[in-house]
file start.tsv (TSV, C-alpha atoms and all ligand atoms)
chain	number	residue	atom	x	y	z
A	16	MET	CA	-5.53	7.97	24.10
A	17	LYS	CA	-4.19	8.22	20.56
A	18	PRO	CA	-4.69	5.13	18.34
A	19	GLU	CA	-1.48	3.15	17.85
A	20	LEU	CA	-0.59	1.49	14.58
A	21	ILE	CA	1.81	-1.44	14.71
A	22	SER	CA	3.69	-2.36	11.59
A	23	PHE	CA	7.10	-2.73	10.04
A	24	LYS	CA	8.88	-0.07	8.04
A	25	LEU	CA	8.28	-1.53	4.57
A	26	CYS	CA	4.66	-2.62	4.98
A	27	PRO	CA	2.44	-1.13	2.25
A	28	PHE	CA	-0.74	-2.04	4.09
A	29	VAL	CA	-0.10	0.18	7.11
A	30	GLN	CA	0.66	3.09	4.81
A	31	ARG	CA	-3.00	3.27	3.78
A	32	SER	CA	-3.98	4.28	7.29
A	33	VAL	CA	-1.02	6.58	7.76
A	34	ILE	CA	-2.05	8.46	4.61
A	35	VAL	CA	-5.62	8.81	5.86
A	36	LEU	CA	-4.47	10.05	9.28
A	37	LEU	CA	-1.99	12.52	7.79
A	38	GLU	CA	-4.56	13.82	5.28
A	39	LYS	CA	-6.95	14.42	8.19
A	40	GLU	CA	-4.21	15.75	10.49
A	41	ALA	CA	-5.42	13.31	13.14
A	42	PRO	CA	-3.05	12.38	16.00
A	43	PHE	CA	-1.69	8.82	16.17
A	44	ASP	CA	1.30	6.78	17.27
A	45	ILE	CA	3.11	4.24	15.15
A	46	THR	CA	5.34	1.46	16.43
A	47	TYR	CA	7.57	-0.48	14.06
A	48	ILE	CA	8.50	-4.07	14.82
A	49	ASP	CA	10.98	-6.45	13.21
A	50	LEU	CA	8.66	-8.76	11.32
A	51	SER	CA	11.36	-11.42	10.95
A	52	ASN	CA	11.62	-11.56	14.74
A	53	PRO	CA	8.28	-10.34	16.11
A	54	PRO	CA	8.11	-9.58	19.83
A	55	ASP	CA	5.95	-11.77	22.08
A	56	TRP	CA	3.53	-8.91	22.87
A	57	PHE	CA	2.83	-8.58	19.13
A	58	LYS	CA	2.26	-12.33	18.68
A	59	ALA	CA	-0.19	-12.16	21.57
A	60	ILE	CA	-2.35	-9.44	20.00
A	61	SER	CA	-2.17	-10.08	16.23
A	62	PRO	CA	-4.68	-12.80	15.30
A	63	MET	CA	-2.99	-13.56	11.96
A	64	GLY	CA	0.56	-12.73	13.03
A	65	LYS	CA	0.44	-9.97	10.42
A	66	VAL	CA	0.84	-6.22	10.42
A	67	PRO	CA	-0.76	-3.82	10.54
A	68	VAL	CA	-2.78	-3.96	13.72
A	69	LEU	CA	-4.36	-0.94	15.37
A	70	LYS	CA	-4.66	-0.57	19.13
A	71	VAL	CA	-7.52	1.62	20.35
A	72	ASP	CA	-7.35	1.58	24.14
A	73	ASP	CA	-7.75	-2.14	24.93
A	74	THR	CA	-9.19	-3.11	21.55
A	75	VAL	CA	-7.12	-4.47	18.68
A	76	LEU	CA	-8.19	-4.24	15.03
A	77	PHE	CA	-6.56	-6.14	12.18
A	78	GLU	CA	-6.86	-6.08	8.35
A	79	SER	CA	-5.65	-2.85	6.78
A	80	ALA	CA	-8.82	-1.97	4.83
A	81	VAL	CA	-10.89	-2.36	7.99
A	82	ILE	CA	-8.44	-0.28	10.02
A	83	MET	CA	-8.43	2.44	7.35
A	84	GLU	CA	-12.24	2.57	7.29
A	85	TYR	CA	-12.43	2.77	11.07
A	86	LEU	CA	-9.93	5.63	11.19
A	87	ASP	CA	-11.84	7.41	8.42
A	88	GLU	CA	-15.11	7.05	10.29
A	89	VAL	CA	-13.87	8.38	13.63
A	90	ASN	CA	-12.16	11.34	11.96
A	91	PRO	CA	-14.97	12.89	9.89
A	92	PRO	CA	-15.69	13.98	7.25
A	93	THR	CA	-15.36	10.66	5.46
A	94	LEU	CA	-13.10	10.27	2.45
A	95	HIS	CA	-15.49	7.68	0.97
A	96	PRO	CA	-17.98	8.83	-1.68
A	97	GLN	CA	-21.45	9.51	-0.23
A	98	ASN	CA	-23.40	7.44	-2.77
A	99	PRO	CA	-23.81	3.89	-1.35
A	100	LEU	CA	-23.37	2.18	-4.70
A	101	ARG	CA	-20.26	4.15	-5.54
A	102	LYS	CA	-18.96	3.53	-2.01
A	103	ALA	CA	-19.47	-0.21	-2.47
A	104	GLN	CA	-17.63	-0.08	-5.79
A	105	ASN	CA	-14.77	1.74	-4.11
A	106	ARG	CA	-14.57	-0.98	-1.47
A	107	ALA	CA	-14.37	-3.60	-4.19
A	108	TRP	CA	-11.47	-1.80	-5.88
A	109	ILE	CA	-9.73	-1.40	-2.53
A	110	GLU	CA	-9.93	-5.19	-2.23
A	111	PHE	CA	-8.56	-5.47	-5.76
A	112	SER	CA	-5.64	-3.21	-4.84
A	113	SER	CA	-4.48	-5.80	-2.33
A	114	THR	CA	-3.94	-8.32	-5.13
A	115	LEU	CA	-1.60	-5.81	-6.76
A	116	PHE	CA	0.54	-5.68	-3.61
A	117	PHE	CA	0.99	-9.44	-3.74
A	118	CYS	CA	1.89	-9.17	-7.42
A	119	GLN	CA	4.46	-6.47	-6.63
A	120	TYR	CA	5.85	-8.67	-3.84
A	121	ASN	CA	6.23	-11.66	-6.19
A	122	LEU	CA	7.83	-9.53	-8.87
A	123	THR	CA	10.48	-8.11	-6.54
A	124	MET	CA	10.94	-10.79	-3.88
A	125	THR	CA	10.13	-14.28	-5.21
A	126	ALA	CA	10.51	-14.53	-9.01
A	127	LYS	CA	13.39	-16.98	-9.48
A	128	ASP	CA	14.24	-16.30	-13.11
A	129	GLU	CA	13.64	-13.92	-15.99
A	130	ALA	CA	10.65	-15.86	-17.33
A	131	GLU	CA	8.85	-15.77	-13.96
A	132	PHE	CA	9.80	-12.12	-13.50
A	133	ASN	CA	8.35	-11.25	-16.93
A	134	ARG	CA	5.18	-13.18	-16.12
A	135	GLN	CA	4.78	-11.12	-12.95
A	136	CYS	CA	5.37	-7.87	-14.87
A	137	ASP	CA	2.70	-8.90	-17.40
A	138	GLU	CA	0.27	-9.71	-14.60
A	139	MET	CA	0.93	-6.35	-12.98
A	140	ARG	CA	0.35	-4.51	-16.28
A	141	ALA	CA	-2.87	-6.47	-16.90
A	142	LYS	CA	-4.20	-5.61	-13.44
A	143	LEU	CA	-3.19	-1.95	-13.83
A	144	ALA	CA	-5.03	-1.90	-17.19
A	145	GLN	CA	-8.20	-2.98	-15.37
A	146	VAL	CA	-7.70	-0.08	-12.96
A	147	GLU	CA	-7.07	2.32	-15.88
A	148	SER	CA	-10.57	1.60	-17.16
A	149	GLN	CA	-12.08	2.60	-13.78
A	150	LEU	CA	-10.22	5.84	-13.20
A	151	ALA	CA	-12.05	9.17	-13.24
A	152	GLY	CA	-8.86	11.20	-12.75
A	153	PRO	CA	-6.99	13.00	-11.39
A	154	TYR	CA	-7.96	10.79	-8.41
A	155	PHE	CA	-9.89	7.54	-8.37
A	156	ASN	CA	-13.33	9.18	-8.17
A	157	GLY	CA	-12.45	12.56	-9.69
A	158	THR	CA	-11.25	15.68	-7.94
A	159	ASP	CA	-11.68	14.48	-4.34
A	160	LEU	CA	-9.13	12.21	-2.68
A	161	SER	CA	-10.75	9.05	-1.32
A	162	LEU	CA	-9.94	5.91	0.63
A	163	ALA	CA	-9.44	4.13	-2.68
A	164	ASP	CA	-6.62	6.57	-3.43
A	165	ALA	CA	-5.07	5.94	-0.02
A	166	ALA	CA	-5.31	2.19	-0.65
A	167	PHE	CA	-3.45	2.33	-3.98
A	168	ALA	CA	-0.89	5.05	-3.20
A	169	PRO	CA	1.59	2.70	-1.40
A	170	LEU	CA	1.68	0.52	-4.53
A	171	PHE	CA	2.62	3.49	-6.72
A	172	MET	CA	5.31	4.57	-4.28
A	173	ARG	CA	6.97	1.18	-4.78
A	174	LEU	CA	6.39	0.89	-8.55
A	175	SER	CA	7.73	4.37	-9.18
A	176	LEU	CA	10.90	3.59	-7.19
A	177	LEU	CA	11.34	0.35	-9.16
A	178	GLU	CA	10.89	2.21	-12.45
A	179	GLY	CA	13.49	4.77	-11.32
A	180	TRP	CA	16.04	2.06	-10.50
A	181	HIS	CA	15.45	0.00	-13.62
A	182	ALA	CA	12.75	0.91	-16.13
A	183	ILE	CA	10.50	-2.06	-16.85
A	184	GLY	CA	7.60	-0.16	-18.39
A	185	LEU	CA	4.94	-1.00	-15.83
A	186	TYR	CA	2.99	2.16	-16.74
A	187	ASP	CA	3.42	1.72	-20.52
A	188	GLY	CA	0.13	2.30	-22.35
A	189	LEU	CA	-1.56	3.37	-19.10
A	190	PRO	CA	-1.58	7.20	-19.20
A	191	LYS	CA	-4.36	7.60	-16.64
A	192	VAL	CA	-2.73	5.28	-14.12
A	193	LYS	CA	0.62	7.04	-14.65
A	194	ALA	CA	-0.95	10.48	-14.08
A	195	TRP	CA	-2.83	9.15	-11.05
A	196	ALA	CA	0.38	7.76	-9.57
A	197	GLU	CA	2.11	11.11	-10.07
A	198	ALA	CA	-0.79	13.04	-8.52
A	199	LEU	CA	-0.78	10.76	-5.47
A	200	LEU	CA	2.99	10.81	-5.03
A	201	SER	CA	3.03	14.61	-5.07
A	202	ARG	CA	0.84	14.78	-1.95
A	203	PRO	CA	2.69	15.55	1.30
A	204	ALA	CA	0.58	12.97	3.18
A	205	VAL	CA	1.66	10.25	0.77
A	206	ARG	CA	5.33	11.29	0.77
A	207	GLY	CA	5.28	11.49	4.57
A	208	SER	CA	3.63	8.09	5.05
A	209	VAL	CA	6.92	6.19	5.19
A	210	VAL	CA	10.13	6.53	7.18
A	211	PRO	CA	12.69	8.92	5.63
A	212	GLU	CA	15.05	6.04	4.81
A	213	PHE	CA	12.29	4.10	3.03
A	214	ALA	CA	13.83	4.03	-0.49
A	215	ASP	CA	17.18	2.67	0.76
A	216	LEU	CA	15.49	0.09	3.00
A	217	TYR	CA	13.22	-1.07	0.20
A	218	ARG	CA	16.09	-1.41	-2.24
A	219	SER	CA	18.29	-3.39	0.14
A	220	HIS	CA	15.31	-5.58	1.12
A	221	ILE	CA	14.91	-6.52	-2.55
A	222	GLY	CA	18.68	-6.79	-3.02
A	223	ASN	CA	18.91	-9.30	-0.15
A	224	ALA	CA	16.03	-11.48	-1.37
A	225	GLY	CA	18.29	-13.64	-3.52
A	226	CYS	CA	15.83	-13.71	-6.44
A	227	TYR	CA	15.75	-12.38	-10.00
A	228	GLY	CA	14.44	-9.01	-8.81
A	229	SER	CA	17.54	-8.65	-6.62
A	230	THR	CA	19.75	-8.57	-9.72
A	231	VAL	CA	17.38	-6.23	-11.59
A	232	PHE	CA	16.73	-3.68	-8.81
A	233	GLY	CA	19.32	-4.29	-6.13
A	234	ALA	CA	21.74	-1.48	-5.32
A	235	GLY	CA	25.19	-1.48	-6.96
B	301	LIG	N1	-4.73	-8.66	4.36
B	301	LIG	C1	-3.77	-8.10	5.27
B	301	LIG	C2	-2.38	-8.34	4.69
B	301	LIG	C3	-1.31	-7.88	5.65
B	301	LIG	C4	0.05	-8.47	5.31
B	301	LIG	O1	0.20	-9.33	4.44
B	301	LIG	N2	1.06	-7.98	6.04
B	301	LIG	C5	2.40	-8.51	5.85
B	301	LIG	C6	3.42	-7.39	5.93
B	301	LIG	S1	3.25	-6.18	4.66
B	301	LIG	C7	2.71	-9.43	7.02
B	301	LIG	O2	2.45	-9.10	8.15
B	301	LIG	N3	3.32	-10.57	6.75
B	301	LIG	C8	3.76	-11.47	7.78
B	301	LIG	C9	3.24	-12.84	7.62
B	301	LIG	O3	2.49	-13.10	6.66
B	301	LIG	O4	3.59	-13.67	8.46
B	301	LIG	C10	-4.03	-6.61	5.47
B	301	LIG	O5	-4.52	-5.98	4.52
B	301	LIG	O6	-3.79	-6.09	6.58

call {"tool": "encode", "arguments": {"input": "start.tsv", "output": "structure tokens"}}
result
Amino acid sequence: MKPELISFKLCPFVQRSVIVLLEKEAPFDITYIDLSNPPDWFKAISPMGKVPVLKVDDTVLFESAVIMEYLDEVNPPTLHPQNPLRKAQNRAWIEFSSTLFFCQYNLTMTAKDEAEFNRQCDEMRAKLAQVESQLAGPYFNGTDLSLADAAFAPLFMRLSLLEGWHAIGLYDGLPKVKAWAEALLSRPAVRGSVVPEFADLYRSHIGNAGCYGSTVFGAG
């Protein structure tokens, strides 16, 4: 049986695994739920009530980095670097990438006023500057795409859309991060990791949040 990912259409965490599976041309199913009204079967299988979860026959996995690693391992060759120390470093930066998703969420969905919004932008830039110092380029470890790239790519998809709707200079002074984002977003597996209507859905999601980001990025 094919593995089945369960998520919702705007979840950045599930996208990590979708990118890995598409890069490897491995078969999978994906089921989208309404996270604001999750079905009972989902509540029964998701230990944290969060997406993504992965169903493999009767087994359920949760936590996106774990799911991504599992899918990488069962679809060799691995996208992780071979060197154990470098691999461990990559895992640490994958963990770090998750903090950037929460920062992006706060920036777009919770900041109540301009001051809070600017604080979130500054935090995002500061975190991206830390990443800049780690980047080999064109991808995280150099020429080969890795799980670290798959982990960060969903962030850049969102930041680049935000910058297109209303430039806030998130990549200012970060040439390596900017080039990395562009390299990732040009990959078919990254572009194909979301539903076709993703940009419109994301924009209206932000527009409906009733926060400062809604006025900055919301449509119309
Ligand atoms: N650490 C988790 C985070 C997953 C997460 O926060 N998912 C969000 C959607 S993008 C969610 O399900 N939120 C629902 C909730 O917190 O109740 C992972 O990496 O899988």

call {"tool": "closest_residue", "arguments": {"input": "start.tsv", "among": "A:Ser113, A:Ser201, A:Asn223, A:Asn156", "to": "Gln97 of chain A", "atoms": "all atoms listed in the file"}}
result
A:Asn156

call {"tool": "residues_around", "arguments": {"input": "start.tsv", "residues": "Phe77 of chain A", "least_positions_apart": "3", "cutoff": "8 Å", "atoms": "all atoms listed in the file", "output": "list in words"}}
result
Ser61, Pro62, Val66, Pro67, Val68, Leu69, Val81 and Ile82 of chain A

call {"tool": "residues_near_ligand", "arguments": {"input": "start.tsv", "ligand": "ligand LIG 301 (chain B)", "cutoff": "7 Å", "atoms": "all atoms listed in the file", "output": "ChimeraX atom specification"}}
result
/A:25-28,50,64-67,77-80,113

call {"tool": "write_last_selection", "arguments": {"input": "start.tsv", "atoms": "C-alpha atoms", "output": "tab-separated table (two decimals), in the frame of the given file"}}
result
chain	number	residue	atom	x	y	z
A	25	LEU	CA	8.28	-1.53	4.57
A	26	CYS	CA	4.66	-2.62	4.98
A	27	PRO	CA	2.44	-1.13	2.25
A	28	PHE	CA	-0.74	-2.04	4.09
A	50	LEU	CA	8.66	-8.76	11.32
A	64	GLY	CA	0.56	-12.73	13.03
A	65	LYS	CA	0.44	-9.97	10.42
A	66	VAL	CA	0.84	-6.22	10.42
A	67	PRO	CA	-0.76	-3.82	10.54
A	77	PHE	CA	-6.56	-6.14	12.18
A	78	GLU	CA	-6.86	-6.08	8.35
A	79	SER	CA	-5.65	-2.85	6.78
A	80	ALA	CA	-8.82	-1.97	4.83
A	113	SER	CA	-4.48	-5.80	-2.33

call {"tool": "atom_distance", "arguments": {"input": "start.tsv", "atom1": "atom CA of Asp87 of chain A", "atom2": "atom CA of Asn105 of chain A"}}
result
14.1 Å

call {"tool": "residues_around", "arguments": {"input": "start.tsv", "residues": "segment 204-210 of chain A", "least_positions_apart": "4", "cutoff": "6 Å", "atoms": "all atoms listed in the file", "output": "list in words"}}
result
Gln30, Val33, Ile34, Leu37, Glu38 and Leu200 of chain A

call {"tool": "closest_residue", "arguments": {"input": "start.tsv", "among": "A:Leu189, A:Ala144, A:Ala165, A:Ala59", "to": "Arg106 of chain A", "atoms": "only C-alpha atoms"}}
result
A:Ala165

call {"tool": "closest_residue", "arguments": {"input": "start.tsv", "among": "A:Asp49, A:Ala130, A:Pro211, A:Tyr120", "to": "Leu170 of chain A", "atoms": "only C-alpha atoms"}}
result
A:Tyr120

call {"tool": "atom_distance", "arguments": {"input": "start.tsv", "atom1": "atom CA of Thr125 of chain A", "atom2": "atom CA of Glu212 of chain A"}}
result
23.2 Å

call {"tool": "closest_residue", "arguments": {"input": "start.tsv", "among": "A:Gly179, A:Gly225, A:Pro18, A:Pro190", "to": "Pro42 of chain A", "atoms": "only C-alpha atoms"}}
result
A:Pro18

call {"tool": "atom_distance", "arguments": {"input": "start.tsv", "atom1": "atom CA of Arg31 of chain A", "atom2": "atom CA of Tyr227 of chain A"}}
result
28.0 Å

call {"tool": "closest_residue", "arguments": {"input": "start.tsv", "among": "A:Ala166, A:Asp55, A:Lys142, A:Lys39", "to": "Glu110 of chain A", "atoms": "only C-alpha atoms"}}
result
A:Ala166

call {"tool": "residues_around", "arguments": {"input": "start.tsv", "residues": "Val192 of chain A", "least_positions_apart": "5", "cutoff": "9 Å", "atoms": "only C-alpha atoms", "output": "JSON, numbers by chain"}}
result
{"A": [143, 144, 146, 147, 150, 152, 186, 197]}

call {"tool": "residues_around", "arguments": {"input": "start.tsv", "residues": "Cys226 of chain A", "least_positions_apart": "5", "cutoff": "7 Å", "atoms": "all atoms listed in the file", "output": "PyMOL selection string"}}
result
chain A and resi 124-127

call {"tool": "closest_residue", "arguments": {"input": "start.tsv", "among": "A:Val35, A:Arg218, A:Arg173, A:Ala163", "to": "Ala107 of chain A", "atoms": "only C-alpha atoms"}}
result
A:Ala163

call {"tool": "residues_around", "arguments": {"input": "start.tsv", "residues": "segment 228-231 of chain A", "least_positions_apart": "5", "cutoff": "6 Å", "atoms": "all atoms listed in the file", "output": "ChimeraX atom specification"}}
result
/A:123,221-222

call {"tool": "residues_near_point", "arguments": {"input": "start.tsv", "point": "(-11.5, 6.9, 0.3)", "cutoff": "6 Å", "atoms": "all atoms listed in the file", "output": "VMD selection string"}}
result
chain A and resid 94 to 95 161 to 163

call {"tool": "axis_aligned_box", "arguments": {"input": "start.tsv", "around": "segment 202-220 of chain A", "padding_each_side": "4 Å", "output": "AutoDock Vina command-line options"}}
result
--center_x 9.4 --center_y 5.0 --center_z 2.5 --size_x 25.7 --size_y 29.1 --size_z 17.4

call {"tool": "decode", "arguments": {"input": "start.tsv", "residues": "segment 36-48 of chain A", "atoms": "all heavy atoms", "output": "PDB file, in the first residue's frame"}}
result
ATOM      1  N   LEU A  36       9.199  13.144  -1.592  1.00  0.00           N
ATOM      2  CA  LEU A  36       8.562  12.087  -2.386  1.00  0.00           C
ATOM      3  C   LEU A  36       8.562  12.440  -3.876  1.00  0.00           C
ATOM      4  O   LEU A  36       8.799  11.578  -4.726  1.00  0.00           O
ATOM      5  CB  LEU A  36       7.137  11.843  -1.880  1.00  0.00           C
ATOM      6  CG  LEU A  36       7.066  11.159  -0.503  1.00  0.00           C
ATOM      7  CD1 LEU A  36       5.700  11.355   0.130  1.00  0.00           C
ATOM      8  CD2 LEU A  36       7.404   9.675  -0.626  1.00  0.00           C
ATOM      9  N   LEU A  37       8.316  13.704  -4.197  1.00  0.00           N
ATOM     10  CA  LEU A  37       8.315  14.102  -5.605  1.00  0.00           C
ATOM     11  C   LEU A  37       9.732  14.065  -6.175  1.00  0.00           C
ATOM     12  O   LEU A  37       9.938  13.624  -7.315  1.00  0.00           O
ATOM     13  CB  LEU A  37       7.721  15.505  -5.770  1.00  0.00           C
ATOM     14  CG  LEU A  37       6.220  15.643  -5.488  1.00  0.00           C
ATOM     15  CD1 LEU A  37       5.781  17.100  -5.647  1.00  0.00           C
ATOM     16  CD2 LEU A  37       5.381  14.754  -6.406  1.00  0.00           C
ATOM     17  N   GLU A  38      10.714  14.499  -5.388  1.00  0.00           N
ATOM     18  CA  GLU A  38      12.109  14.438  -5.863  1.00  0.00           C
ATOM     19  C   GLU A  38      12.493  13.000  -6.175  1.00  0.00           C
ATOM     20  O   GLU A  38      13.219  12.729  -7.122  1.00  0.00           O
ATOM     21  CB  GLU A  38      13.081  15.012  -4.818  1.00  0.00           C
ATOM     22  CG  GLU A  38      13.048  16.526  -4.667  1.00  0.00           C
ATOM     23  CD  GLU A  38      13.684  17.272  -5.842  1.00  0.00           C
ATOM     24  OE1 GLU A  38      14.300  16.632  -6.710  1.00  0.00           O
ATOM     25  OE2 GLU A  38      13.532  18.512  -5.877  1.00  0.00           O
ATOM     26  N   LYS A  39      11.998  12.063  -5.363  1.00  0.00           N
ATOM     27  CA  LYS A  39      12.362  10.652  -5.529  1.00  0.00           C
ATOM     28  C   LYS A  39      11.402   9.892  -6.446  1.00  0.00           C
ATOM     29  O   LYS A  39      11.567   8.695  -6.651  1.00  0.00           O
ATOM     30  CB  LYS A  39      12.392   9.983  -4.152  1.00  0.00           C
ATOM     31  CG  LYS A  39      13.498  10.531  -3.251  1.00  0.00           C
ATOM     32  CD  LYS A  39      13.558   9.803  -1.936  1.00  0.00           C
ATOM     33  CE  LYS A  39      14.725  10.296  -1.112  1.00  0.00           C
ATOM     34  NZ  LYS A  39      15.531   9.230  -0.522  1.00  0.00           N
ATOM     35  N   GLU A  40      10.375  10.600  -6.918  1.00  0.00           N
ATOM     36  CA  GLU A  40       9.344   9.990  -7.768  1.00  0.00           C
ATOM     37  C   GLU A  40       8.762   8.748  -7.105  1.00  0.00           C
ATOM     38  O   GLU A  40       8.542   7.708  -7.750  1.00  0.00           O
ATOM     39  CB  GLU A  40       9.905   9.676  -9.152  1.00  0.00           C
ATOM     40  CG  GLU A  40      10.378  10.931  -9.867  1.00  0.00           C
ATOM     41  CD  GLU A  40      10.893  10.670 -11.280  1.00  0.00           C
ATOM     42  OE1 GLU A  40      10.638   9.566 -11.797  1.00  0.00           O
ATOM     43  OE2 GLU A  40      11.517  11.566 -11.844  1.00  0.00           O
ATOM     44  N   ALA A  41       8.534   8.849  -5.801  1.00  0.00           N
ATOM     45  CA  ALA A  41       7.963   7.727  -5.043  1.00  0.00           C
ATOM     46  C   ALA A  41       6.443   7.907  -4.947  1.00  0.00           C
ATOM     47  O   ALA A  41       5.963   9.020  -4.740  1.00  0.00           O
ATOM     48  CB  ALA A  41       8.565   7.699  -3.638  1.00  0.00           C
ATOM     49  N   PRO A  42       5.687   6.801  -5.099  1.00  0.00           N
ATOM     50  CA  PRO A  42       4.223   6.924  -5.050  1.00  0.00           C
ATOM     51  C   PRO A  42       3.708   7.206  -3.640  1.00  0.00           C
ATOM     52  O   PRO A  42       4.265   6.709  -2.663  1.00  0.00           O
ATOM     53  CB  PRO A  42       3.735   5.552  -5.530  1.00  0.00           C
ATOM     54  CG  PRO A  42       4.884   4.628  -5.358  1.00  0.00           C
ATOM     55  CD  PRO A  42       6.149   5.440  -5.352  1.00  0.00           C
ATOM     56  N   PHE A  43       2.674   8.024  -3.535  1.00  0.00           N
ATOM     57  CA  PHE A  43       2.045   8.312  -2.239  1.00  0.00           C
ATOM     58  C   PHE A  43       0.654   8.868  -2.471  1.00  0.00           C
ATOM     59  O   PHE A  43       0.320   9.299  -3.574  1.00  0.00           O
ATOM     60  CB  PHE A  43       2.882   9.323  -1.432  1.00  0.00           C
ATOM     61  CG  PHE A  43       2.930  10.715  -2.032  1.00  0.00           C
ATOM     62  CD1 PHE A  43       2.127  11.730  -1.532  1.00  0.00           C
ATOM     63  CD2 PHE A  43       3.770  11.009  -3.101  1.00  0.00           C
ATOM     64  CE1 PHE A  43       2.170  13.012  -2.085  1.00  0.00           C
ATOM     65  CE2 PHE A  43       3.819  12.287  -3.657  1.00  0.00           C
ATOM     66  CZ  PHE A  43       3.021  13.287  -3.148  1.00  0.00           C
ATOM     67  N   ASP A  44      -0.145   8.843  -1.420  1.00  0.00           N
ATOM     68  CA  ASP A  44      -1.453   9.509  -1.446  1.00  0.00           C
ATOM     69  C   ASP A  44      -1.395  10.664  -0.467  1.00  0.00           C
ATOM     70  O   ASP A  44      -0.658  10.616   0.523  1.00  0.00           O
ATOM     71  CB  ASP A  44      -2.564   8.539  -1.012  1.00  0.00           C
ATOM     72  CG  ASP A  44      -2.829   7.485  -2.076  1.00  0.00           C
ATOM     73  OD1 ASP A  44      -2.791   7.825  -3.283  1.00  0.00           O
ATOM     74  OD2 ASP A  44      -3.033   6.309  -1.703  1.00  0.00           O
ATOM     75  N   ILE A  45      -2.207  11.675  -0.734  1.00  0.00           N
ATOM     76  CA  ILE A  45      -2.314  12.770   0.232  1.00  0.00           C
ATOM     77  C   ILE A  45      -3.785  13.119   0.415  1.00  0.00           C
ATOM     78  O   ILE A  45      -4.530  13.207  -0.562  1.00  0.00           O
ATOM     79  CB  ILE A  45      -1.456  13.998  -0.186  1.00  0.00           C
ATOM     80  CG1 ILE A  45      -1.472  15.071   0.911  1.00  0.00           C
ATOM     81  CG2 ILE A  45      -1.861  14.561  -1.514  1.00  0.00           C
ATOM     82  CD1 ILE A  45      -0.315  16.080   0.804  1.00  0.00           C
ATOM     83  N   THR A  46      -4.183  13.244   1.670  1.00  0.00           N
ATOM     84  CA  THR A  46      -5.566  13.573   1.996  1.00  0.00           C
ATOM     85  C   THR A  46      -5.559  14.887   2.766  1.00  0.00           C
ATOM     86  O   THR A  46      -4.815  15.029   3.748  1.00  0.00           O
ATOM     87  CB  THR A  46      -6.185  12.465   2.887  1.00  0.00           C
ATOM     88  OG1 THR A  46      -6.098  11.231   2.177  1.00  0.00           O
ATOM     89  CG2 THR A  46      -7.630  12.774   3.240  1.00  0.00           C
ATOM     90  N   TYR A  47      -6.348  15.847   2.293  1.00  0.00           N
ATOM     91  CA  TYR A  47      -6.422  17.137   2.973  1.00  0.00           C
ATOM     92  C   TYR A  47      -7.674  17.183   3.834  1.00  0.00           C
ATOM     93  O   TYR A  47      -8.757  16.807   3.385  1.00  0.00           O
ATOM     94  CB  TYR A  47      -6.463  18.281   1.954  1.00  0.00           C
ATOM     95  CG  TYR A  47      -5.186  18.411   1.154  1.00  0.00           C
ATOM     96  CD1 TYR A  47      -5.155  18.084  -0.210  1.00  0.00           C
ATOM     97  CD2 TYR A  47      -4.013  18.850   1.759  1.00  0.00           C
ATOM     98  CE1 TYR A  47      -3.984  18.204  -0.946  1.00  0.00           C
ATOM     99  CE2 TYR A  47      -2.833  18.968   1.029  1.00  0.00           C
ATOM    100  CZ  TYR A  47      -2.827  18.650  -0.320  1.00  0.00           C
ATOM    101  OH  TYR A  47      -1.671  18.757  -1.050  1.00  0.00           O
ATOM    102  N   ILE A  48      -7.488  17.663   5.073  1.00  0.00           N
ATOM    103  CA  ILE A  48      -8.640  17.821   5.964  1.00  0.00           C
ATOM    104  C   ILE A  48      -8.830  19.314   6.247  1.00  0.00           C
ATOM    105  O   ILE A  48      -7.944  20.128   5.987  1.00  0.00           O
ATOM    106  CB  ILE A  48      -8.447  17.055   7.293  1.00  0.00           C
ATOM    107  CG1 ILE A  48      -7.224  17.595   8.060  1.00  0.00           C
ATOM    108  CG2 ILE A  48      -8.334  15.556   7.057  1.00  0.00           C
ATOM    109  CD1 ILE A  48      -7.191  17.205   9.518  1.00  0.00           C
TER     110      ILE A  48
END
